[in-house]
>>> print(open('query-v4.cif').read())   # mmCIF, C-alpha atoms
data_protein
#
loop_
_atom_site.group_PDB
_atom_site.id
_atom_site.type_symbol
_atom_site.label_atom_id
_atom_site.label_comp_id
_atom_site.auth_asym_id
_atom_site.auth_seq_id
_atom_site.Cartn_x
_atom_site.Cartn_y
_atom_site.Cartn_z
ATOM 1 C CA MET A 7 0.000 0.000 0.000
ATOM 2 C CA GLY A 8 1.336 3.404 -0.938
ATOM 3 C CA LYS A 9 0.456 7.033 -0.798
ATOM 4 C CA ILE A 10 1.446 10.084 -2.813
ATOM 5 C CA ASN A 11 1.386 13.745 -1.864
ATOM 6 C CA ILE A 12 0.984 16.248 -4.722
ATOM 7 C CA ASP A 13 2.342 19.734 -3.998
ATOM 8 C CA GLN A 14 -0.306 21.887 -5.664
ATOM 9 C CA SER A 15 1.852 25.007 -5.444
ATOM 10 C CA ARG A 16 4.437 23.369 -7.750
ATOM 11 C CA CYS A 17 2.053 21.532 -10.107
ATOM 12 C CA LYS A 18 1.676 23.219 -13.517
ATOM 13 C CA SER A 19 -1.131 20.934 -14.775
ATOM 14 C CA CYS A 20 0.866 19.257 -17.560
ATOM 15 C CA TYR A 21 -1.054 15.980 -16.851
ATOM 16 C CA ILE A 22 1.946 13.724 -17.564
ATOM 17 C CA CYS A 23 1.259 11.903 -14.268
ATOM 18 C CA THR A 24 -2.344 11.102 -15.239
ATOM 19 C CA GLU A 25 -1.094 9.210 -18.308
ATOM 20 C CA THR A 26 1.864 7.626 -16.505
ATOM 21 C CA CYS A 27 0.168 5.911 -13.522
ATOM 22 C CA PRO A 28 -0.072 2.214 -14.532
ATOM 23 C CA LYS A 29 -3.335 1.886 -12.582
ATOM 24 C CA GLY A 30 -4.814 5.209 -13.693
ATOM 25 C CA LEU A 31 -5.230 6.424 -10.125
ATOM 26 C CA ILE A 32 -4.239 10.049 -10.769
ATOM 27 C CA LYS A 33 -7.094 12.033 -12.278
ATOM 28 C CA LYS A 34 -7.889 15.546 -13.389
ATOM 29 C CA SER A 35 -9.695 17.271 -10.523
ATOM 30 C CA GLN A 36 -12.646 19.653 -10.826
ATOM 31 C CA LYS A 37 -10.784 22.135 -8.614
ATOM 32 C CA THR A 38 -8.752 24.851 -10.310
ATOM 33 C CA ASN A 39 -5.547 26.558 -9.221
ATOM 34 C CA ARG A 40 -5.060 30.322 -9.236
ATOM 35 C CA LEU A 41 -4.291 30.306 -12.973
ATOM 36 C CA GLY A 42 -7.569 28.538 -13.732
ATOM 37 C CA ASP A 43 -6.015 25.191 -14.710
ATOM 38 C CA TYR A 44 -7.594 21.968 -13.473
ATOM 39 C CA MET A 45 -5.428 20.423 -10.760
ATOM 40 C CA VAL A 46 -4.668 16.702 -10.418
ATOM 41 C CA GLU A 47 -5.607 14.463 -7.500
ATOM 42 C CA LEU A 48 -5.079 10.885 -6.336
ATOM 43 C CA ASP A 49 -8.295 8.854 -6.560
ATOM 44 C CA ASP A 50 -7.371 5.693 -4.632
ATOM 45 C CA LYS A 51 -10.505 4.452 -2.892
ATOM 46 C CA ASN A 52 -9.451 0.772 -2.948
ATOM 47 C CA ASN A 53 -5.849 1.329 -1.781
ATOM 48 C CA GLU A 54 -4.409 0.185 -5.113
ATOM 49 C CA CYS A 55 -1.306 2.445 -5.101
ATOM 50 C CA ILE A 56 1.867 0.380 -4.609
ATOM 51 C CA ALA A 57 4.260 3.377 -4.433
ATOM 52 C CA CYS A 58 6.035 2.495 -7.705
ATOM 53 C CA ALA A 59 6.958 6.226 -7.988
ATOM 54 C CA MET A 60 6.537 6.272 -11.782
ATOM 55 C CA CYS A 61 4.425 9.438 -11.505
ATOM 56 C CA ALA A 62 7.088 11.136 -9.374
ATOM 57 C CA LYS A 63 9.911 10.139 -11.724
ATOM 58 C CA ARG A 64 8.137 11.643 -14.733
ATOM 59 C CA CYS A 65 6.878 14.775 -12.955
ATOM 60 C CA PRO A 66 8.886 17.681 -14.459
ATOM 61 C CA GLU A 67 8.233 19.846 -11.374
ATOM 62 C CA ILE A 68 9.238 17.292 -8.664
ATOM 63 C CA ALA A 69 5.782 18.031 -7.205
ATOM 64 C CA ILE A 70 5.029 14.441 -6.109
ATOM 65 C CA GLU A 71 6.298 12.833 -2.905
ATOM 66 C CA VAL A 72 5.837 9.077 -2.542
ATOM 67 C CA TYR A 73 5.341 7.174 0.728
ATOM 68 C CA LYS A 74 5.276 3.417 1.325
ATOM 69 C CA MET B 28 4.996 5.492 6.397
ATOM 70 C CA GLN B 29 8.458 5.714 4.872
ATOM 71 C CA GLN B 30 9.196 8.279 2.190
ATOM 72 C CA VAL B 31 10.506 6.535 -0.955
ATOM 73 C CA PHE B 32 10.726 9.513 -3.310
ATOM 74 C CA SER B 33 11.610 13.066 -2.337
ATOM 75 C CA ILE B 34 13.326 16.201 -3.651
ATOM 76 C CA PRO B 35 17.146 15.687 -3.884
ATOM 77 C CA LYS B 36 19.230 17.348 -1.154
ATOM 78 C CA SER B 37 21.351 19.298 -3.674
ATOM 79 C CA MET B 38 18.326 21.325 -4.804
ATOM 80 C CA LYS B 39 17.895 24.784 -3.257
ATOM 81 C CA LYS B 40 15.362 25.137 -0.455
ATOM 82 C CA ASP B 41 11.868 26.157 -1.577
ATOM 83 C CA PHE B 42 12.900 26.417 -5.263
ATOM 84 C CA LYS B 43 10.211 26.496 -7.915
ATOM 85 C CA TYR B 44 10.984 25.683 -11.525
ATOM 86 C CA THR B 45 10.342 28.550 -13.940
ATOM 87 C CA PHE B 46 10.154 26.302 -17.016
ATOM 88 C CA CYS B 47 7.030 25.851 -19.163
ATOM 89 C CA PRO B 48 4.575 23.094 -18.134
ATOM 90 C CA GLY B 49 5.843 19.657 -19.245
ATOM 91 C CA CYS B 50 9.415 20.796 -19.962
ATOM 92 C CA ASP B 51 12.003 18.018 -19.603
ATOM 93 C CA HIS B 52 14.620 20.375 -18.115
ATOM 94 C CA GLY B 53 12.976 19.753 -14.725
ATOM 95 C CA ILE B 54 13.645 16.015 -14.916
ATOM 96 C CA ALA B 55 17.195 16.493 -16.254
ATOM 97 C CA ILE B 56 18.123 18.883 -13.408
ATOM 98 C CA ARG B 57 16.618 16.473 -10.856
ATOM 99 C CA LEU B 58 18.744 13.622 -12.254
ATOM 100 C CA VAL B 59 21.890 15.793 -12.023
ATOM 101 C CA ALA B 60 21.006 16.638 -8.396
ATOM 102 C CA GLU B 61 20.433 12.963 -7.548
ATOM 103 C CA VAL B 62 23.791 11.970 -9.068
ATOM 104 C CA ILE B 63 25.539 14.785 -7.120
ATOM 105 C CA ASP B 64 23.890 13.482 -3.914
ATOM 106 C CA GLU B 65 24.900 9.877 -4.624
ATOM 107 C CA LEU B 66 28.524 10.739 -5.421
ATOM 108 C CA GLY B 67 28.707 13.181 -2.473
ATOM 109 C CA ILE B 68 30.516 15.891 -4.482
ATOM 110 C CA ARG B 69 28.275 18.930 -3.881
ATOM 111 C CA GLU B 70 30.921 20.872 -1.926
ATOM 112 C CA ASP B 71 33.576 20.333 -4.647
ATOM 113 C CA ILE B 72 31.546 21.491 -7.662
ATOM 114 C CA ILE B 73 32.106 24.545 -9.830
ATOM 115 C CA SER B 74 29.659 24.558 -12.727
ATOM 116 C CA SER B 75 30.097 26.643 -15.869
ATOM 117 C CA THR B 76 26.664 27.626 -17.128
ATOM 118 C CA SER B 77 25.416 28.283 -20.623
ATOM 119 C CA VAL B 78 22.939 30.723 -22.131
ATOM 120 C CA GLY B 79 19.407 29.569 -22.921
ATOM 121 C CA CYS B 80 16.703 27.848 -20.860
ATOM 122 C CA SER B 81 19.459 25.640 -19.394
ATOM 123 C CA VAL B 82 21.059 28.628 -17.628
ATOM 124 C CA PHE B 83 18.439 28.479 -14.843
ATOM 125 C CA LEU B 84 20.343 25.503 -13.407
ATOM 126 C CA TYR B 85 21.972 27.882 -10.907
ATOM 127 C CA ASP B 86 18.583 29.029 -9.617
ATOM 128 C CA PHE B 87 17.657 25.500 -8.600
ATOM 129 C CA LEU B 88 20.874 23.663 -7.672
ATOM 130 C CA ASP B 89 22.685 24.625 -4.464
ATOM 131 C CA ILE B 90 26.181 24.642 -6.051
ATOM 132 C CA ASP B 91 28.832 27.173 -7.106
ATOM 133 C CA CYS B 92 28.575 28.407 -10.707
ATOM 134 C CA VAL B 93 30.363 30.757 -13.087
ATOM 135 C CA GLU B 94 28.452 32.319 -15.965
ATOM 136 C CA ALA B 95 30.022 32.002 -19.416
ATOM 137 C CA PRO B 96 29.252 34.000 -22.592
ATOM 138 C CA HIS B 97 26.906 32.329 -25.065
ATOM 139 C CA GLY B 98 28.400 29.045 -26.266
ATOM 140 C CA ARG B 99 31.590 29.410 -24.226
ATOM 141 C CA ALA B 100 30.580 27.269 -21.246
ATOM 142 C CA LEU B 101 33.227 24.636 -22.011
ATOM 143 C CA ALA B 102 35.934 27.258 -22.645
ATOM 144 C CA SER B 103 35.264 28.768 -19.203
ATOM 145 C CA ALA B 104 35.051 25.290 -17.693
ATOM 146 C CA THR B 105 38.499 24.491 -19.141
ATOM 147 C CA GLY B 106 39.941 27.553 -17.396
ATOM 148 C CA VAL B 107 38.271 26.691 -14.100
ATOM 149 C CA LYS B 108 39.433 23.062 -14.231
ATOM 150 C CA ARG B 109 43.044 23.965 -15.137
ATOM 151 C CA ALA B 110 43.195 26.569 -12.346
ATOM 152 C CA ARG B 111 41.539 24.298 -9.778
ATOM 153 C CA PRO B 112 42.105 20.657 -10.825
ATOM 154 C CA ASP B 113 40.919 19.529 -7.381
ATOM 155 C CA LYS B 114 37.379 20.774 -8.128
ATOM 156 C CA PHE B 115 34.637 18.910 -9.981
ATOM 157 C CA VAL B 116 33.635 20.887 -13.096
ATOM 158 C CA PHE B 117 30.580 20.257 -15.247
ATOM 159 C CA THR B 118 28.537 22.172 -17.810
ATOM 160 C CA TYR B 119 24.830 21.959 -18.599
ATOM 161 C CA SER B 120 23.715 23.479 -21.879
ATOM 162 C CA GLY B 121 21.212 23.233 -24.698
ATOM 163 C CA ASP B 122 21.885 22.138 -28.259
ATOM 164 C CA GLY B 123 22.008 25.719 -29.585
ATOM 165 C CA ASP B 124 24.633 26.693 -27.021
ATOM 166 C CA PHE B 125 26.659 23.472 -27.242
ATOM 167 C CA ALA B 126 26.481 22.555 -30.917
ATOM 168 C CA SER B 127 25.881 25.768 -32.844
ATOM 169 C CA ILE B 128 27.266 28.868 -31.166
ATOM 170 C CA GLY B 129 29.777 26.905 -29.103
ATOM 171 C CA LEU B 130 30.578 24.019 -31.465
ATOM 172 C CA ALA B 131 34.267 24.952 -31.778
ATOM 173 C CA GLU B 132 34.699 25.256 -28.001
ATOM 174 C CA SER B 133 32.799 22.017 -27.333
ATOM 175 C CA MET B 134 34.598 19.971 -29.989
ATOM 176 C CA HIS B 135 38.067 21.195 -29.007
ATOM 177 C CA THR B 136 37.400 20.557 -25.321
ATOM 178 C CA ALA B 137 36.675 16.946 -26.272
ATOM 179 C CA LEU B 138 39.722 16.814 -28.567
ATOM 180 C CA ARG B 139 41.980 18.114 -25.789
ATOM 181 C CA GLY B 140 40.536 15.471 -23.483
ATOM 182 C CA GLU B 141 39.811 17.981 -20.731
ATOM 183 C CA ASN B 142 38.776 16.338 -17.493
ATOM 184 C CA ILE B 143 35.278 17.850 -17.578
ATOM 185 C CA SER B 144 31.737 16.440 -17.670
ATOM 186 C CA SER B 145 29.163 17.945 -19.989
ATOM 187 C CA ILE B 146 25.421 17.534 -20.455
ATOM 188 C CA CYS B 147 23.626 18.747 -23.588
ATOM 189 C CA ILE B 148 19.839 18.997 -23.830
ATOM 190 C CA ASN B 149 18.708 18.377 -27.419
ATOM 191 C CA ASN B 150 15.176 19.666 -28.109
ATOM 192 C CA THR B 151 15.678 20.409 -31.846
ATOM 193 C CA THR B 152 15.008 24.147 -31.462
ATOM 194 C CA TYR B 153 16.078 27.345 -29.702
ATOM 195 C CA GLY B 154 13.628 27.260 -26.801
ATOM 196 C CA MET B 155 14.204 30.494 -24.894
ATOM 197 C CA THR B 156 14.126 32.827 -27.897
ATOM 198 C CA GLY B 157 10.887 31.461 -29.318
ATOM 199 C CA GLY B 158 11.541 28.355 -31.402
ATOM 200 C CA GLN B 159 14.004 29.229 -34.159
ATOM 201 C CA LEU B 160 15.820 26.676 -36.345
ATOM 202 C CA GLY B 161 18.699 25.128 -34.418
ATOM 203 C CA PRO B 162 21.590 22.858 -35.406
ATOM 204 C CA THR B 163 19.596 19.745 -34.448
ATOM 205 C CA THR B 164 16.260 20.734 -36.064
ATOM 206 C CA LEU B 165 14.922 17.692 -37.941
ATOM 207 C CA LEU B 166 14.421 17.682 -41.717
ATOM 208 C CA GLY B 167 10.901 18.904 -42.463
ATOM 209 C CA GLN B 168 10.414 20.451 -39.011
ATOM 210 C CA LYS B 169 8.653 23.818 -39.051
ATOM 211 C CA THR B 170 10.177 26.538 -36.873
ATOM 212 C CA THR B 171 9.772 30.321 -36.810
ATOM 213 C CA THR B 172 12.810 30.724 -39.092
ATOM 214 C CA SER B 173 11.970 27.737 -41.331
ATOM 215 C CA PRO B 174 8.207 28.224 -41.785
ATOM 216 C CA THR B 175 7.979 25.723 -44.653
ATOM 217 C CA GLY B 176 10.055 23.106 -42.832
ATOM 218 C CA ARG B 177 13.804 22.431 -42.816
ATOM 219 C CA ASN B 178 14.954 21.417 -46.279
ATOM 220 C CA VAL B 179 18.382 20.044 -47.134
ATOM 221 C CA ASP B 180 19.132 22.408 -50.027
ATOM 222 C CA TYR B 181 18.790 25.534 -47.932
ATOM 223 C CA TYR B 182 19.531 24.519 -44.331
ATOM 224 C CA GLY B 183 21.562 21.290 -44.567
ATOM 225 C CA TYR B 184 21.367 18.327 -42.199
ATOM 226 C CA PRO B 185 20.936 18.173 -38.385
ATOM 227 C CA ILE B 186 24.092 17.465 -36.350
ATOM 228 C CA LYS B 187 24.417 14.202 -34.398
ATOM 229 C CA ILE B 188 26.289 15.531 -31.398
ATOM 230 C CA ALA B 189 26.961 12.367 -29.370
ATOM 231 C CA GLU B 190 28.459 10.571 -32.401
ATOM 232 C CA HIS B 191 30.726 13.526 -33.225
ATOM 233 C CA ILE B 192 31.961 13.811 -29.635
ATOM 234 C CA ALA B 193 32.577 10.034 -29.584
ATOM 235 C CA LEU B 194 34.957 10.381 -32.547
ATOM 236 C CA CYS B 195 37.246 12.711 -30.543
ATOM 237 C CA GLU B 196 40.332 10.971 -29.099
ATOM 238 C CA GLY B 197 40.078 12.745 -25.740
ATOM 239 C CA THR B 198 36.515 11.605 -25.028
ATOM 240 C CA ALA B 199 36.152 9.011 -22.275
ATOM 241 C CA TYR B 200 32.373 8.629 -22.410
ATOM 242 C CA SER B 201 29.710 9.696 -24.903
ATOM 243 C CA ALA B 202 26.082 8.613 -24.784
ATOM 244 C CA ARG B 203 22.634 9.648 -25.948
ATOM 245 C CA VAL B 204 19.615 9.142 -23.686
ATOM 246 C CA ALA B 205 15.972 10.286 -23.537
ATOM 247 C CA LEU B 206 13.436 11.255 -20.868
ATOM 248 C CA ASP B 207 10.163 10.112 -22.465
ATOM 249 C CA THR B 208 9.514 7.004 -20.336
ATOM 250 C CA VAL B 209 10.496 5.806 -16.850
ATOM 251 C CA PRO B 210 13.029 3.188 -18.134
ATOM 252 C CA HIS B 211 14.669 5.858 -20.312
ATOM 253 C CA ILE B 212 14.804 8.234 -17.315
ATOM 254 C CA ASN B 213 16.564 5.519 -15.288
ATOM 255 C CA GLN B 214 19.053 4.971 -18.153
ATOM 256 C CA ALA B 215 19.622 8.736 -18.363
ATOM 257 C CA LYS B 216 20.561 8.832 -14.687
ATOM 258 C CA GLN B 217 23.065 5.991 -15.148
ATOM 259 C CA ALA B 218 24.605 7.812 -18.147
ATOM 260 C CA ILE B 219 24.961 11.089 -16.210
ATOM 261 C CA LYS B 220 26.562 9.171 -13.326
ATOM 262 C CA LYS B 221 29.031 7.525 -15.702
ATOM 263 C CA ALA B 222 29.920 10.881 -17.328
ATOM 264 C CA PHE B 223 30.616 12.277 -13.835
ATOM 265 C CA GLN B 224 32.614 9.210 -12.772
ATOM 266 C CA VAL B 225 35.035 9.406 -15.729
ATOM 267 C CA GLN B 226 35.996 12.875 -14.486
ATOM 268 C CA LEU B 227 36.455 11.628 -10.913
ATOM 269 C CA GLU B 228 38.700 8.834 -12.260
ATOM 270 C CA GLY B 229 40.636 11.289 -14.469
ATOM 271 C CA LEU B 230 39.918 9.449 -17.720
ATOM 272 C CA GLY B 231 38.931 12.411 -19.903
ATOM 273 C CA PHE B 232 35.886 14.183 -21.297
ATOM 274 C CA GLY B 233 32.474 12.787 -20.262
ATOM 275 C CA PHE B 234 29.458 13.693 -22.389
ATOM 276 C CA VAL B 235 25.722 12.941 -22.323
ATOM 277 C CA GLU B 236 23.216 14.169 -24.914
ATOM 278 C CA ILE B 237 19.643 14.124 -23.592
ATOM 279 C CA LEU B 238 16.725 14.067 -26.054
ATOM 280 C CA SER B 239 14.176 16.439 -24.591
ATOM 281 C CA SER B 240 10.788 17.843 -25.508
ATOM 282 C CA CYS B 241 9.777 21.502 -25.918
ATOM 283 C CA PRO B 242 5.943 21.424 -25.822
ATOM 284 C CA THR B 243 5.607 25.226 -26.030
ATOM 285 C CA ASN B 244 7.651 25.742 -29.198
ATOM 286 C CA TRP B 245 6.504 22.489 -30.804
ATOM 287 C CA HIS B 246 2.877 23.588 -30.165
ATOM 288 C CA MET B 247 1.985 20.225 -28.597
ATOM 289 C CA THR B 248 0.723 18.869 -25.281
ATOM 290 C CA PRO B 249 3.472 17.329 -23.068
ATOM 291 C CA GLU B 250 2.373 13.760 -23.912
ATOM 292 C CA GLU B 251 2.246 14.510 -27.665
ATOM 293 C CA ALA B 252 5.712 16.030 -27.382
ATOM 294 C CA HIS B 253 7.080 12.857 -25.745
ATOM 295 C CA LYS B 254 5.438 10.828 -28.527
ATOM 296 C CA ARG B 255 7.288 12.995 -31.056
ATOM 297 C CA VAL B 256 10.570 12.344 -29.232
ATOM 298 C CA ARG B 257 9.911 8.595 -29.614
ATOM 299 C CA GLU B 258 8.587 8.523 -33.165
ATOM 300 C CA GLU B 259 10.425 11.332 -34.951
ATOM 301 C CA MET B 260 13.599 12.098 -33.016
ATOM 302 C CA MET B 261 14.786 8.611 -32.031
ATOM 303 C CA PRO B 262 15.042 7.268 -35.643
ATOM 304 C CA VAL B 263 17.354 10.229 -36.460
ATOM 305 C CA PHE B 264 19.122 10.397 -33.083
ATOM 306 C CA PRO B 265 19.430 6.744 -31.928
ATOM 307 C CA LEU B 266 19.906 6.152 -28.197
ATOM 308 C CA GLY B 267 23.002 4.388 -26.950
ATOM 309 C CA VAL B 268 26.563 4.593 -25.673
ATOM 310 C CA PHE B 269 28.926 5.606 -28.495
ATOM 311 C CA LYS B 270 32.218 5.584 -26.595
ATOM 312 C CA GLU B 271 33.214 4.262 -23.199
ATOM 313 C CA VAL B 272 36.783 4.173 -21.892
ATOM 314 C CA ASN B 273 37.331 2.154 -18.740
ATOM 315 C CA ASN B 274 40.252 2.140 -16.335
ATOM 316 C CA GLY B 275 43.092 0.146 -17.848
ATOM 317 C CA ASN B 276 42.150 0.256 -21.556
#
>>> encode(input="query-v4.cif", output="structure tokens")
Amino acid sequence: MGKINIDQSRCKSCYICTETCPKGLIKKSQKTNRLGDYMVELDDKNNECIACAMCAKRCPEIAIEVYK
Amino acid sequence: MQQVFSIPKSMKKDFKYTFCPGCDHGIAIRLVAEVIDELGIREDIISSTSVGCSVFLYDFLDIDCVEAPHGRALASATGVKRARPDKFVFTYSGDGDFASIGLAESMHTALRGENISSICINNTTYGMTGGQLGPTTLLGQKTTTSPTGRNVDYYGYPIKIAEHIALCEGTAYSARVALDTVPHINQAKQAIKKAFQVQLEGLGFGFVEILSSCPTNWHMTPEEAHKRVREEMMPVFPLGVFKEVNNGN
């Protein structure tokens, strides 16, 4: 079981993480940041995240922290 | 819970990247910081920085830097390394800085076999100035200064930097890597580490060319840009290690 923490102040809404997560757990949120871009959020109701850190490795802003 | 992925220690406190959304510079700088952490050389580094988007390295890495004129990063680095051979010297530049404006400096640094490591980000365009035709622009690629696409008759062929550097006698390591997928990112980190290690072992010039995307100037989304790196850039710029000198041979 894993957990990720997305730093919304760093995130620039490039959505690379949403296409990278092998289980598709990171989704576009309905909330917007101060520039009006849709933010991303972890949607892991069934505790499927295994902390593989693929999202964090591809994040160009180093905005994702991964916990195991 | 144990943290398994965090910001490298060599990054400045509370930094925020100023690059465009989806730019691969962020990943490349993180990999450099991770390698610096792993080798434990942060206190010994003097970096010679370029001009272009790559110059912002000194805003994000907590290391000592000297600023060089456009294209002369490796010429300045040569001076720094010869004056202070005990220091670790590396440069981080884009393809316009390394292979167009500074091609003579870069090539002769490799030919002299200077004990320096160098990283070149190849995104097939001049990113900071708005997407002009660069030395690595692909045939047929539209840029602001080649609006009908690069054609051979008028603009010639793109330069294959890693292969050219590998031909130089003084080069100890030359490789080309990409940042479009997680396995390629892991390979890129190993290549950067190797290019740094050849300097620590005193073997000669270490070089890594990194294929990168520029979503803003390519007018693509970040994922489309990575697809272009895979489908259009990799057939022209194949990944791989082109020269590797080990201790003893």
>>> axis_aligned_box(input="query-v4.cif", around="range 47-54 of chain A", padding_each_side="3 Å", output="lines of an AutoDock Vina configuration file")
center_x = -7.5
center_y = 7.3
center_z = -4.6
size_x = 12.1
size_y = 20.3
size_z = 11.7
>>> closest_atom_pairs(input="query-v4.cif", of="chain B", to="chain A", cutoff="7 Å", atoms="only C-alpha atoms", output="JSON lines")
{"residue": "B:Met28", "atom": "CA", "partner": "A:Lys74", "partner_atom": "CA", "distance": 5.5}
{"residue": "B:Gln29", "atom": "CA", "partner": "A:Lys74", "partner_atom": "CA", "distance": 5.3}
{"residue": "B:Gln30", "atom": "CA", "partner": "A:Tyr73", "partner_atom": "CA", "distance": 4.3}
{"residue": "B:Val31", "atom": "CA", "partner": "A:Tyr73", "partner_atom": "CA", "distance": 5.5}
{"residue": "B:Phe32", "atom": "CA", "partner": "A:Val72", "partner_atom": "CA", "distance": 5.0}
{"residue": "B:Ser33", "atom": "CA", "partner": "A:Glu71", "partner_atom": "CA", "distance": 5.3}
{"residue": "B:Ile34", "atom": "CA", "partner": "A:Ile68", "partner_atom": "CA", "distance": 6.6}
{"residue": "B:Lys43", "atom": "CA", "partner": "A:Arg16", "partner_atom": "CA", "distance": 6.6}
{"residue": "B:Tyr44", "atom": "CA", "partner": "A:Glu67", "partner_atom": "CA", "distance": 6.5}
{"residue": "B:Pro48", "atom": "CA", "partner": "A:Cys20", "partner_atom": "CA", "distance": 5.4}
{"residue": "B:Gly49", "atom": "CA", "partner": "A:Cys20", "partner_atom": "CA", "distance": 5.3}
{"residue": "B:Cys50", "atom": "CA", "partner": "A:Pro66", "partner_atom": "CA", "distance": 6.3}
{"residue": "B:Asp51", "atom": "CA", "partner": "A:Pro66", "partner_atom": "CA", "distance": 6.0}
{"residue": "B:Gly53", "atom": "CA", "partner": "A:Pro66", "partner_atom": "CA", "distance": 4.6}
{"residue": "B:Ile54", "atom": "CA", "partner": "A:Pro66", "partner_atom": "CA", "distance": 5.1}
{"residue": "B:Val209", "atom": "CA", "partner": "A:Met60", "partner_atom": "CA", "distance": 6.4}
{"residue": "B:Pro249", "atom": "CA", "partner": "A:Cys20", "partner_atom": "CA", "distance": 6.4}
{"residue": "B:Glu250", "atom": "CA", "partner": "A:Ile22", "partner_atom": "CA", "distance": 6.4}
>>> atom_distance(input="query-v4.cif", atom1="CA of Glu190 in chain B", atom2="CA of Lys221 in chain B")
17.0 Å
>>> resolve_selection(input="query-v4.cif", expression="the PyMOL selection byres ((chain B and resi 165) around 12)", output="compact mmCIF listing (two decimals) with C-alpha atoms, in the frame of the given file")
# COMPACT_ATOMS: atom_id res chain seq x y z
CA ASN B 149 18.71 18.38 -27.42
CA ASN B 150 15.18 19.67 -28.11
CA THR B 151 15.68 20.41 -31.85
CA THR B 152 15.01 24.15 -31.46
CA LEU B 160 15.82 26.68 -36.34
CA GLY B 161 18.70 25.13 -34.42
CA PRO B 162 21.59 22.86 -35.41
CA THR B 163 19.60 19.74 -34.45
CA THR B 164 16.26 20.73 -36.06
CA LEU B 166 14.42 17.68 -41.72
CA GLY B 167 10.90 18.90 -42.46
CA GLN B 168 10.41 20.45 -39.01
CA LYS B 169 8.65 23.82 -39.05
CA THR B 170 10.18 26.54 -36.87
CA SER B 173 11.97 27.74 -41.33
CA GLY B 176 10.06 23.11 -42.83
CA ARG B 177 13.80 22.43 -42.82
CA ASN B 178 14.95 21.42 -46.28
CA VAL B 179 18.38 20.04 -47.13
CA TYR B 182 19.53 24.52 -44.33
CA GLY B 183 21.56 21.29 -44.57
CA TYR B 184 21.37 18.33 -42.20
CA PRO B 185 20.94 18.17 -38.38
CA ILE B 186 24.09 17.46 -36.35
CA LYS B 187 24.42 14.20 -34.40
CA ARG B 255 7.29 13.00 -31.06
CA VAL B 256 10.57 12.34 -29.23
CA GLU B 259 10.42 11.33 -34.95
CA MET B 260 13.60 12.10 -33.02
CA MET B 261 14.79 8.61 -32.03
CA PRO B 262 15.04 7.27 -35.64
CA VAL B 263 17.35 10.23 -36.46
CA PHE B 264 19.12 10.40 -33.08
>>> resolve_selection(input="query-v4.cif", expression="the PyMOL selection byres ((chain A and resi 47) around 8)", output="PyMOL selection string")
chain A and resi 12+32-35+45-46+48-49
>>> atom_distance(input="query-v4.cif", atom1="CA of Phe234 in chain B", atom2="CA of Met247 in chain B")
28.9 Å
>>> atom_distance(input="query-v4.cif", atom1="CA of Leu58 in chain B", atom2="CA of Asn213 in chain B")
8.9 Å
>>> closest_residue(input="query-v4.cif", among="B:Arg69, B:His191, B:Arg203, B:His135", to="Val268 in chain B", atoms="all atoms listed in the file")
B:Arg203
>>> resolve_selection(input="query-v4.cif", expression="the PyMOL selection byres ((chain B and resi 274) around 12)", output="PDB file with C-alpha atoms, in the frame of the given file")
ATOM      1  CA  ALA B 199      36.152   9.011 -22.275  1.00  0.00           C
ATOM      2  CA  TYR B 200      32.373   8.629 -22.410  1.00  0.00           C
ATOM      3  CA  GLN B 224      32.614   9.210 -12.772  1.00  0.00           C
ATOM      4  CA  VAL B 225      35.035   9.406 -15.729  1.00  0.00           C
ATOM      5  CA  GLN B 226      35.996  12.875 -14.486  1.00  0.00           C
ATOM      6  CA  LEU B 227      36.455  11.628 -10.913  1.00  0.00           C
ATOM      7  CA  GLU B 228      38.700   8.834 -12.260  1.00  0.00           C
ATOM      8  CA  GLY B 229      40.636  11.289 -14.469  1.00  0.00           C
ATOM      9  CA  LEU B 230      39.918   9.449 -17.720  1.00  0.00           C
ATOM     10  CA  GLY B 231      38.931  12.411 -19.903  1.00  0.00           C
ATOM     11  CA  GLU B 271      33.214   4.262 -23.199  1.00  0.00           C
ATOM     12  CA  VAL B 272      36.783   4.173 -21.892  1.00  0.00           C
ATOM     13  CA  ASN B 273      37.331   2.154 -18.740  1.00  0.00           C
ATOM     14  CA  GLY B 275      43.092   0.146 -17.848  1.00  0.00           C
ATOM     15  CA  ASN B 276      42.150   0.256 -21.556  1.00  0.00           C
TER      16      ASN B 276
END
>>> decode(input="query-v4.cif", residues="range 50-68 of chain A", atoms="C-alpha atoms", output="PDB file, in the first residue's frame")
ATOM      1  CA  ASP A  50      -7.371   5.693  -4.632  1.00  0.00           C
ATOM      2  CA  LYS A  51     -10.505   4.452  -2.892  1.00  0.00           C
ATOM      3  CA  ASN A  52      -9.451   0.772  -2.948  1.00  0.00           C
ATOM      4  CA  ASN A  53      -5.849   1.329  -1.781  1.00  0.00           C
ATOM      5  CA  GLU A  54      -4.409   0.185  -5.113  1.00  0.00           C
ATOM      6  CA  CYS A  55      -1.306   2.445  -5.101  1.00  0.00           C
ATOM      7  CA  ILE A  56       1.867   0.380  -4.609  1.00  0.00           C
ATOM      8  CA  ALA A  57       4.260   3.377  -4.433  1.00  0.00           C
ATOM      9  CA  CYS A  58       6.035   2.495  -7.705  1.00  0.00           C
ATOM     10  CA  ALA A  59       6.958   6.226  -7.988  1.00  0.00           C
ATOM     11  CA  MET A  60       6.537   6.272 -11.782  1.00  0.00           C
ATOM     12  CA  CYS A  61       4.425   9.438 -11.505  1.00  0.00           C
ATOM     13  CA  ALA A  62       7.088  11.136  -9.374  1.00  0.00           C
ATOM     14  CA  LYS A  63       9.911  10.139 -11.724  1.00  0.00           C
ATOM     15  CA  ARG A  64       8.137  11.643 -14.733  1.00  0.00           C
ATOM     16  CA  CYS A  65       6.878  14.775 -12.955  1.00  0.00           C
ATOM     17  CA  PRO A  66       8.886  17.681 -14.459  1.00  0.00           C
ATOM     18  CA  GLU A  67       8.233  19.846 -11.374  1.00  0.00           C
ATOM     19  CA  ILE A  68       9.238  17.292  -8.664  1.00  0.00           C
TER      20      ILE A  68
END
